[in-house]
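File shown here: my_file.cif, holding mmCIF, N, CA, C and O atoms.
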data_protein
loop_
_atom_site.label_atom_id
_atom_site.label_comp_id
_atom_site.auth_asym_id
_atom_site.auth_seq_id
_atom_site.Cartn_x
_atom_site.Cartn_y
_atom_site.Cartn_z
N MET A 1 -41.39 130.60 75.94
CA MET A 1 -40.94 129.51 75.09
C MET A 1 -39.46 129.69 74.75
O MET A 1 -38.97 130.79 74.68
N ASN A 2 -38.79 128.61 74.50
CA ASN A 2 -37.36 128.59 74.26
C ASN A 2 -37.06 128.85 72.78
O ASN A 2 -37.68 128.28 71.90
N ASP A 3 -36.07 129.72 72.54
CA ASP A 3 -35.61 129.95 71.17
C ASP A 3 -34.34 129.18 70.87
O ASP A 3 -33.75 129.33 69.82
N GLY A 4 -33.89 128.33 71.82
CA GLY A 4 -32.66 127.56 71.67
C GLY A 4 -32.86 126.37 70.74
O GLY A 4 -33.89 126.24 70.09
N PRO A 5 -31.86 125.51 70.70
CA PRO A 5 -31.92 124.35 69.80
C PRO A 5 -33.07 123.42 70.17
O PRO A 5 -33.31 123.14 71.33
N ARG A 6 -33.80 122.97 69.16
CA ARG A 6 -34.92 122.06 69.40
C ARG A 6 -34.38 120.63 69.44
O ARG A 6 -34.66 119.83 68.55
N GLU A 7 -33.60 120.38 70.47
CA GLU A 7 -32.99 119.07 70.66
C GLU A 7 -33.26 118.58 72.06
O GLU A 7 -33.40 119.37 72.99
N LEU A 8 -33.33 117.28 72.19
CA LEU A 8 -33.44 116.62 73.48
C LEU A 8 -32.33 115.59 73.52
O LEU A 8 -32.32 114.66 72.71
N SER A 9 -31.37 115.78 74.41
CA SER A 9 -30.27 114.82 74.48
C SER A 9 -30.62 113.72 75.47
O SER A 9 -31.50 113.87 76.32
N ILE A 10 -29.94 112.61 75.35
CA ILE A 10 -30.17 111.43 76.19
C ILE A 10 -28.86 111.10 76.86
O ILE A 10 -27.85 110.87 76.19
N SER A 11 -28.85 111.07 78.19
CA SER A 11 -27.61 110.76 78.92
C SER A 11 -27.23 109.30 78.74
O SER A 11 -28.06 108.46 78.34
N ASP A 12 -25.98 108.98 79.07
CA ASP A 12 -25.53 107.58 79.03
C ASP A 12 -26.41 106.71 79.93
O ASP A 12 -26.81 105.61 79.54
N ALA A 13 -26.68 107.20 81.14
CA ALA A 13 -27.48 106.43 82.10
C ALA A 13 -28.89 106.17 81.57
O ALA A 13 -29.41 105.06 81.71
N ALA A 14 -29.51 107.19 80.96
CA ALA A 14 -30.86 107.01 80.41
C ALA A 14 -30.84 106.04 79.24
O ALA A 14 -31.73 105.19 79.12
N ALA A 15 -29.84 106.12 78.38
CA ALA A 15 -29.74 105.21 77.24
C ALA A 15 -29.56 103.77 77.72
O ALA A 15 -30.20 102.85 77.18
N ARG A 16 -28.72 103.56 78.72
CA ARG A 16 -28.50 102.20 79.25
C ARG A 16 -29.79 101.64 79.86
O ARG A 16 -30.15 100.48 79.63
N ARG A 17 -30.49 102.46 80.66
CA ARG A 17 -31.71 101.99 81.31
C ARG A 17 -32.79 101.70 80.28
O ARG A 17 -33.51 100.71 80.39
N LEU A 18 -32.93 102.57 79.29
CA LEU A 18 -33.91 102.33 78.23
C LEU A 18 -33.60 101.05 77.47
O LEU A 18 -34.50 100.27 77.17
N ALA A 19 -32.33 100.84 77.16
CA ALA A 19 -31.93 99.61 76.46
C ALA A 19 -32.31 98.39 77.29
O ALA A 19 -32.82 97.39 76.75
N PHE A 20 -32.08 98.45 78.59
CA PHE A 20 -32.44 97.34 79.48
C PHE A 20 -33.95 97.12 79.48
O PHE A 20 -34.42 95.99 79.31
N LEU A 21 -34.72 98.19 79.68
CA LEU A 21 -36.18 98.06 79.74
C LEU A 21 -36.76 97.56 78.43
O LEU A 21 -37.63 96.69 78.41
N LEU A 22 -36.29 98.11 77.32
CA LEU A 22 -36.80 97.69 76.02
C LEU A 22 -36.38 96.26 75.69
O LEU A 22 -37.09 95.56 74.98
N GLY A 23 -35.24 95.82 76.22
CA GLY A 23 -34.80 94.45 76.03
C GLY A 23 -35.69 93.45 76.74
O GLY A 23 -35.71 92.27 76.39
N GLN A 24 -36.46 93.91 77.73
CA GLN A 24 -37.39 93.04 78.46
C GLN A 24 -38.72 92.89 77.74
O GLN A 24 -39.54 92.05 78.09
N GLU A 25 -38.95 93.71 76.72
CA GLU A 25 -40.21 93.72 75.99
C GLU A 25 -40.15 92.80 74.77
O GLU A 25 -39.08 92.55 74.23
N ASP A 26 -41.32 92.38 74.32
CA ASP A 26 -41.41 91.55 73.11
C ASP A 26 -41.40 92.38 71.84
O ASP A 26 -41.29 91.85 70.75
N ASP A 27 -41.54 93.70 71.99
CA ASP A 27 -41.66 94.59 70.84
C ASP A 27 -40.42 95.47 70.74
O ASP A 27 -40.31 96.47 71.44
N PRO A 28 -39.48 95.14 69.87
CA PRO A 28 -38.22 95.90 69.78
C PRO A 28 -38.37 97.29 69.17
O PRO A 28 -37.44 98.08 69.23
N ASP A 29 -39.54 97.61 68.60
CA ASP A 29 -39.75 98.91 67.98
C ASP A 29 -40.23 99.99 68.94
O ASP A 29 -40.45 101.12 68.53
N GLN A 30 -40.40 99.65 70.20
CA GLN A 30 -40.89 100.64 71.15
C GLN A 30 -39.84 101.72 71.43
O GLN A 30 -38.65 101.50 71.28
N MET A 31 -40.34 102.88 71.83
CA MET A 31 -39.49 103.99 72.21
C MET A 31 -40.13 104.68 73.40
O MET A 31 -41.30 104.45 73.71
N LEU A 32 -39.36 105.50 74.08
CA LEU A 32 -39.89 106.25 75.22
C LEU A 32 -40.48 107.56 74.72
O LEU A 32 -39.80 108.32 74.03
N ARG A 33 -41.73 107.82 75.06
CA ARG A 33 -42.38 109.08 74.71
C ARG A 33 -42.33 109.98 75.94
O ARG A 33 -42.77 109.62 77.02
N VAL A 34 -41.77 111.19 75.75
CA VAL A 34 -41.71 112.20 76.80
C VAL A 34 -42.62 113.34 76.38
O VAL A 34 -42.44 113.89 75.29
N THR A 35 -43.59 113.67 77.23
CA THR A 35 -44.49 114.77 76.91
C THR A 35 -44.58 115.71 78.11
O THR A 35 -44.24 115.34 79.24
N VAL A 36 -45.04 116.91 77.83
CA VAL A 36 -45.25 117.92 78.86
C VAL A 36 -46.70 118.35 78.77
O VAL A 36 -47.23 118.59 77.68
N SER A 37 -47.36 118.42 79.92
CA SER A 37 -48.75 118.88 79.95
C SER A 37 -48.93 119.84 81.12
O SER A 37 -48.12 119.88 82.04
N GLY A 38 -50.00 120.60 81.07
CA GLY A 38 -50.33 121.48 82.17
C GLY A 38 -50.72 120.67 83.39
O GLY A 38 -51.29 119.60 83.28
N GLY A 39 -50.36 121.17 84.57
CA GLY A 39 -50.71 120.48 85.80
C GLY A 39 -49.51 120.33 86.70
O GLY A 39 -48.46 120.93 86.46
N GLY A 40 -49.65 119.55 87.73
CA GLY A 40 -48.57 119.38 88.69
C GLY A 40 -48.51 120.57 89.62
O GLY A 40 -49.17 121.58 89.42
N CYS A 41 -47.71 120.48 90.62
CA CYS A 41 -47.67 121.55 91.63
C CYS A 41 -46.91 122.78 91.16
O CYS A 41 -46.99 123.83 91.79
N SER A 42 -46.19 122.71 90.04
CA SER A 42 -45.43 123.86 89.56
C SER A 42 -45.92 124.41 88.22
O SER A 42 -45.32 125.33 87.69
N GLY A 43 -46.97 123.85 87.65
CA GLY A 43 -47.51 124.41 86.40
C GLY A 43 -47.50 123.46 85.22
O GLY A 43 -48.46 123.36 84.48
N TYR A 44 -46.40 122.77 85.00
CA TYR A 44 -46.28 121.78 83.93
C TYR A 44 -45.77 120.49 84.55
O TYR A 44 -45.07 120.51 85.56
N GLN A 45 -46.11 119.38 83.91
CA GLN A 45 -45.56 118.11 84.39
C GLN A 45 -45.11 117.23 83.24
O GLN A 45 -45.64 117.32 82.14
N TYR A 46 -44.10 116.41 83.53
CA TYR A 46 -43.56 115.48 82.55
C TYR A 46 -44.33 114.17 82.62
O TYR A 46 -44.74 113.74 83.69
N HIS A 47 -44.48 113.54 81.46
CA HIS A 47 -45.07 112.21 81.38
C HIS A 47 -44.12 111.33 80.58
O HIS A 47 -43.56 111.76 79.57
N PHE A 48 -43.95 110.09 81.03
CA PHE A 48 -43.09 109.11 80.36
C PHE A 48 -43.93 107.88 80.07
O PHE A 48 -44.50 107.28 80.98
N ASP A 49 -44.00 107.50 78.80
CA ASP A 49 -44.75 106.32 78.38
C ASP A 49 -43.98 105.62 77.26
O ASP A 49 -43.22 106.26 76.55
N PHE A 50 -44.24 104.34 77.09
CA PHE A 50 -43.69 103.64 75.94
C PHE A 50 -44.68 103.73 74.79
O PHE A 50 -45.89 103.69 74.97
N ASP A 51 -44.14 103.88 73.60
CA ASP A 51 -44.95 104.02 72.39
C ASP A 51 -44.22 103.28 71.28
O ASP A 51 -43.00 103.17 71.30
N ARG A 52 -44.95 102.81 70.31
CA ARG A 52 -44.27 102.12 69.21
C ARG A 52 -44.32 102.89 67.91
O ARG A 52 -43.69 102.52 66.94
N GLU A 53 -45.07 104.02 67.88
CA GLU A 53 -45.18 104.78 66.64
C GLU A 53 -44.90 106.26 66.88
O GLU A 53 -45.33 106.83 67.86
N ALA A 54 -44.18 106.86 65.94
CA ALA A 54 -44.00 108.30 65.93
C ALA A 54 -45.10 108.90 65.07
O ALA A 54 -45.42 108.36 64.01
N ARG A 55 -45.67 109.99 65.54
CA ARG A 55 -46.74 110.67 64.80
C ARG A 55 -46.15 111.73 63.88
O ARG A 55 -44.97 112.05 63.96
N ALA A 56 -46.99 112.30 63.04
CA ALA A 56 -46.53 113.27 62.04
C ALA A 56 -45.83 114.48 62.65
O ALA A 56 -44.89 115.00 62.07
N ASP A 57 -46.28 114.93 63.83
CA ASP A 57 -45.68 116.13 64.43
C ASP A 57 -44.62 115.80 65.47
O ASP A 57 -44.19 116.67 66.23
N ASP A 58 -44.17 114.56 65.53
CA ASP A 58 -43.18 114.13 66.52
C ASP A 58 -41.75 114.41 66.09
O ASP A 58 -41.44 114.44 64.89
N LEU A 59 -40.90 114.55 67.07
CA LEU A 59 -39.46 114.62 66.87
C LEU A 59 -38.87 113.39 67.56
O LEU A 59 -39.24 113.08 68.69
N VAL A 60 -37.98 112.69 66.87
CA VAL A 60 -37.39 111.47 67.41
C VAL A 60 -35.90 111.71 67.63
O VAL A 60 -35.20 112.22 66.76
N PHE A 61 -35.42 111.33 68.82
CA PHE A 61 -34.01 111.47 69.18
C PHE A 61 -33.49 110.09 69.52
O PHE A 61 -34.18 109.29 70.13
N GLU A 62 -32.25 109.82 69.11
CA GLU A 62 -31.70 108.47 69.28
C GLU A 62 -30.30 108.53 69.88
O GLU A 62 -29.52 109.44 69.58
N ARG A 63 -30.02 107.55 70.72
CA ARG A 63 -28.67 107.38 71.27
C ARG A 63 -28.46 105.90 71.55
O ARG A 63 -29.28 105.26 72.19
N ASP A 64 -27.35 105.39 71.06
CA ASP A 64 -26.96 104.00 71.31
C ASP A 64 -28.09 103.00 71.01
O ASP A 64 -28.28 102.04 71.73
N GLY A 65 -28.85 103.27 69.95
CA GLY A 65 -29.87 102.34 69.52
C GLY A 65 -31.23 102.50 70.20
O GLY A 65 -32.16 101.78 69.84
N VAL A 66 -31.37 103.38 71.17
CA VAL A 66 -32.67 103.61 71.79
C VAL A 66 -33.23 104.94 71.29
O VAL A 66 -32.48 105.87 70.97
N LYS A 67 -34.55 105.00 71.23
CA LYS A 67 -35.20 106.20 70.70
C LYS A 67 -36.10 106.83 71.76
O LYS A 67 -36.79 106.12 72.51
N VAL A 68 -36.09 108.15 71.76
CA VAL A 68 -36.97 108.94 72.60
C VAL A 68 -37.74 109.85 71.66
O VAL A 68 -37.17 110.48 70.76
N VAL A 69 -39.04 109.92 71.85
CA VAL A 69 -39.90 110.71 70.96
C VAL A 69 -40.68 111.72 71.80
O VAL A 69 -41.03 111.46 72.94
N THR A 70 -40.92 112.88 71.22
CA THR A 70 -41.77 113.89 71.84
C THR A 70 -42.54 114.63 70.76
O THR A 70 -42.12 114.65 69.60
N ASP A 71 -43.66 115.20 71.14
CA ASP A 71 -44.45 115.95 70.17
C ASP A 71 -43.93 117.38 70.05
O ASP A 71 -43.19 117.86 70.89
N ASN A 72 -44.32 118.04 68.99
CA ASN A 72 -43.84 119.37 68.68
C ASN A 72 -44.20 120.38 69.78
O ASN A 72 -43.39 121.24 70.13
N ALA A 73 -45.41 120.29 70.33
CA ALA A 73 -45.82 121.22 71.39
C ALA A 73 -44.98 121.03 72.66
O ALA A 73 -44.56 122.01 73.28
N SER A 74 -44.71 119.79 73.04
CA SER A 74 -43.87 119.52 74.22
C SER A 74 -42.45 120.01 73.99
O SER A 74 -41.78 120.48 74.90
N MET A 75 -41.99 119.92 72.74
CA MET A 75 -40.62 120.32 72.42
C MET A 75 -40.41 121.80 72.69
O MET A 75 -39.29 122.21 73.02
N ASP A 76 -41.47 122.61 72.60
CA ASP A 76 -41.33 124.03 72.93
C ASP A 76 -40.81 124.22 74.35
O ASP A 76 -40.06 125.15 74.62
N LEU A 77 -41.19 123.33 75.25
CA LEU A 77 -40.76 123.41 76.66
C LEU A 77 -39.56 122.52 76.97
O LEU A 77 -38.93 122.67 78.02
N LEU A 78 -39.25 121.59 76.08
CA LEU A 78 -38.13 120.65 76.31
C LEU A 78 -36.85 121.04 75.57
O LEU A 78 -35.80 120.44 75.82
N ALA A 79 -36.90 121.99 74.67
CA ALA A 79 -35.76 122.33 73.82
C ALA A 79 -34.50 122.56 74.64
O ALA A 79 -34.51 123.33 75.61
N GLY A 80 -33.43 121.86 74.29
CA GLY A 80 -32.16 122.00 74.99
C GLY A 80 -32.05 121.16 76.25
O GLY A 80 -31.03 121.20 76.95
N SER A 81 -33.06 120.35 76.55
CA SER A 81 -33.06 119.53 77.77
C SER A 81 -32.31 118.22 77.58
O SER A 81 -32.00 117.82 76.46
N GLN A 82 -32.05 117.56 78.71
CA GLN A 82 -31.43 116.24 78.68
C GLN A 82 -32.28 115.27 79.49
O GLN A 82 -32.65 115.55 80.64
N LEU A 83 -32.61 114.14 78.88
CA LEU A 83 -33.27 113.05 79.59
C LEU A 83 -32.19 112.29 80.33
O LEU A 83 -31.17 111.91 79.75
N ASP A 84 -32.40 112.07 81.62
CA ASP A 84 -31.41 111.37 82.44
C ASP A 84 -32.12 110.29 83.24
O ASP A 84 -33.34 110.27 83.35
N TYR A 85 -31.34 109.37 83.79
CA TYR A 85 -31.85 108.32 84.67
C TYR A 85 -31.05 108.39 85.95
O TYR A 85 -29.82 108.37 85.93
N VAL A 86 -31.76 108.48 87.07
CA VAL A 86 -31.14 108.59 88.38
C VAL A 86 -31.46 107.34 89.19
O VAL A 86 -32.61 106.90 89.21
N ASP A 87 -30.46 106.78 89.82
CA ASP A 87 -30.64 105.61 90.70
C ASP A 87 -29.88 105.91 91.98
O ASP A 87 -28.66 105.79 92.03
N ASP A 88 -30.61 106.37 93.00
CA ASP A 88 -29.97 106.72 94.26
C ASP A 88 -30.81 106.25 95.45
O ASP A 88 -31.75 105.48 95.27
N LEU A 89 -30.50 106.72 96.63
CA LEU A 89 -31.17 106.26 97.84
C LEU A 89 -32.67 106.52 97.86
O LEU A 89 -33.42 105.76 98.45
N ILE A 90 -33.12 107.60 97.23
CA ILE A 90 -34.55 107.90 97.26
C ILE A 90 -35.33 107.18 96.17
O ILE A 90 -36.55 107.22 96.15
N GLY A 91 -34.65 106.53 95.25
CA GLY A 91 -35.33 105.77 94.22
C GLY A 91 -34.62 105.83 92.88
O GLY A 91 -33.58 106.47 92.74
N ALA A 92 -35.21 105.16 91.92
CA ALA A 92 -34.67 105.13 90.56
C ALA A 92 -35.76 105.66 89.63
O ALA A 92 -36.91 105.22 89.70
N PHE A 93 -35.39 106.63 88.77
CA PHE A 93 -36.40 107.27 87.94
C PHE A 93 -35.75 108.03 86.79
O PHE A 93 -34.59 108.41 86.85
N PHE A 94 -36.56 108.23 85.73
CA PHE A 94 -36.14 109.12 84.64
C PHE A 94 -36.43 110.54 85.09
O PHE A 94 -37.43 110.80 85.77
N THR A 95 -35.58 111.47 84.67
CA THR A 95 -35.77 112.87 84.99
C THR A 95 -35.35 113.71 83.78
O THR A 95 -34.65 113.20 82.90
N VAL A 96 -35.78 114.94 83.76
CA VAL A 96 -35.43 115.85 82.67
C VAL A 96 -34.65 117.02 83.26
O VAL A 96 -35.14 117.70 84.16
N ASN A 97 -33.43 117.20 82.79
CA ASN A 97 -32.64 118.37 83.16
C ASN A 97 -32.99 119.45 82.15
O ASN A 97 -32.52 119.42 81.02
N ASN A 98 -33.85 120.38 82.58
CA ASN A 98 -34.47 121.31 81.66
C ASN A 98 -34.00 122.74 81.92
O ASN A 98 -34.34 123.33 82.95
N PRO A 99 -33.23 123.33 81.00
CA PRO A 99 -32.77 124.71 81.18
C PRO A 99 -33.90 125.73 81.06
O PRO A 99 -33.71 126.89 81.43
N ASN A 100 -35.06 125.33 80.58
CA ASN A 100 -36.20 126.23 80.42
C ASN A 100 -37.02 126.37 81.70
O ASN A 100 -37.88 127.23 81.79
N ALA A 101 -36.78 125.49 82.68
CA ALA A 101 -37.55 125.51 83.91
C ALA A 101 -37.01 126.59 84.85
O ALA A 101 -35.84 126.58 85.21
N SER A 102 -37.88 127.51 85.21
CA SER A 102 -37.46 128.56 86.15
C SER A 102 -37.55 128.06 87.58
O SER A 102 -36.87 128.56 88.47
N SER A 103 -38.38 127.05 87.83
CA SER A 103 -38.46 126.40 89.14
C SER A 103 -39.06 125.02 88.94
O SER A 103 -39.67 124.74 87.91
N SER A 104 -38.88 124.16 89.92
CA SER A 104 -39.46 122.83 89.85
C SER A 104 -39.89 122.40 91.23
O SER A 104 -39.48 122.98 92.23
N CYS A 105 -40.73 121.39 91.27
CA CYS A 105 -41.19 120.89 92.56
C CYS A 105 -40.11 119.99 93.17
O CYS A 105 -39.15 119.62 92.50
N GLY A 106 -40.28 119.63 94.41
CA GLY A 106 -39.29 118.80 95.10
C GLY A 106 -39.12 117.42 94.50
O GLY A 106 -38.03 116.87 94.55
N CYS A 107 -40.17 116.87 93.90
CA CYS A 107 -40.06 115.53 93.33
C CYS A 107 -39.51 115.53 91.92
O CYS A 107 -39.20 114.49 91.37
N GLY A 108 -39.40 116.71 91.28
CA GLY A 108 -38.84 116.81 89.94
C GLY A 108 -39.75 116.41 88.82
O GLY A 108 -39.33 116.32 87.67
N VAL A 109 -41.03 116.16 89.11
CA VAL A 109 -41.97 115.76 88.08
C VAL A 109 -42.65 116.95 87.43
O VAL A 109 -43.09 116.89 86.30
N SER A 110 -42.71 118.09 88.13
CA SER A 110 -43.35 119.25 87.55
C SER A 110 -42.42 120.46 87.62
O SER A 110 -41.46 120.48 88.39
N PHE A 111 -42.71 121.46 86.79
CA PHE A 111 -41.85 122.64 86.70
C PHE A 111 -42.65 123.82 86.20
O PHE A 111 -43.76 123.68 85.70
N SER A 112 -42.09 125.00 86.33
CA SER A 112 -42.67 126.18 85.70
C SER A 112 -41.64 126.77 84.77
O SER A 112 -40.44 126.64 84.99
N ALA A 113 -42.14 127.40 83.72
CA ALA A 113 -41.23 127.95 82.70
C ALA A 113 -41.24 129.47 82.76
O ALA A 113 -42.12 130.08 83.25
#
Go through the file and emit its structure as structure tokens.
Amino acid sequence: MNDGPRELSISDAAARRLAFLLGQEDDPDQMLRVTVSGGGCSGYQYHFDFDREARADDLVFERDGVKVVTDNASMDLLAGSQLDYVDDLIGAFFTVNNPNASSSCGCGVSFSA
């Protein structure tokens, strides 16, 4: 587990894409929920979902009017990470630049700590 700052930063690209996606929705209170669970080819995997409520054990991070939320348990593995959005030849997707990951799979969806 990480002893570093319990923060999750949001890149400019991720903030812009989230603003665009949330602007397409009828519910302006939605936020992106990032969680980590066991599984995937490397041990842990990231999940991205839209949510409209923060729970009691959640941490909420904001940039340029968009919010990203994660639970306390996931934050143990996300601390010091950056949520980014990549749009290149292989596709467009959210990704996590995670300094706690000792290795990751080729698709970037799973990692080991």
_Which residues would end up in the selection if the PyMOL selection byres (((chain A and resi 60 and name CA) around 10) and name CA) were applied here, given that I need the answer as a count of residues only?_
17
*Atom pair atom CA of A:Val34 / atom CA of A:Leu89: separation (Å)*: 24.3 Å
*To one decimal in Å, tell me the separation between atom CA of A:Tyr44 and atom CA of A:Arg17.*
24.7 Å
*asked:* Between atom CA of A:Tyr85 and atom CA of A:Ala14, what is the distance in Å, rounded to a tenth?
replied: 4.6 Å
_Quick check for you: according to DSSP on this backbone, which residues of chain A are classed as strand (DSSP E or B)? Reply as an NGL selection string._
:A and (8-10 or 31-38 or 44-51 or 58-63 or 66-71 or 81-88 or 91-97 or 103-104 or 110-112)
Could you work out an axis-aligned bounding box for all listed atoms of stretch 8-18 of chain A, with 6 Å added on each of the six sides, and give its centre and edge lengths in Å to one decimal, as JSON?
{"center_x": -30.0, "center_y": 108.8, "center_z": 77.1, "size_x": 21.0, "size_y": 29.0, "size_z": 21.9}
*asked:* Take the PyMOL selection byres (((chain A and resi 28 and name CA) around 12) and name CA), run it mentally on this structure, and tell me the resulting residues as a ChimeraX atom specification.
replied: /A:18-27,29-32,50-53,65-67
*Run DSSP on the backbone and grab whatever in chain A lands in helix (DSSP H, G or I); send it over as an MDAnalysis selection string.*
chainID A and resid 12:23 72:78
*What residues come out when you apply the PyMOL selection byres ((chain A and resi 95) around 8) to this file, written as JSON, numbers by chain?*
{"A": [9, 11, 14, 81, 82, 83, 84, 85, 86, 92, 93, 94, 96, 97, 98, 107, 108, 109]}
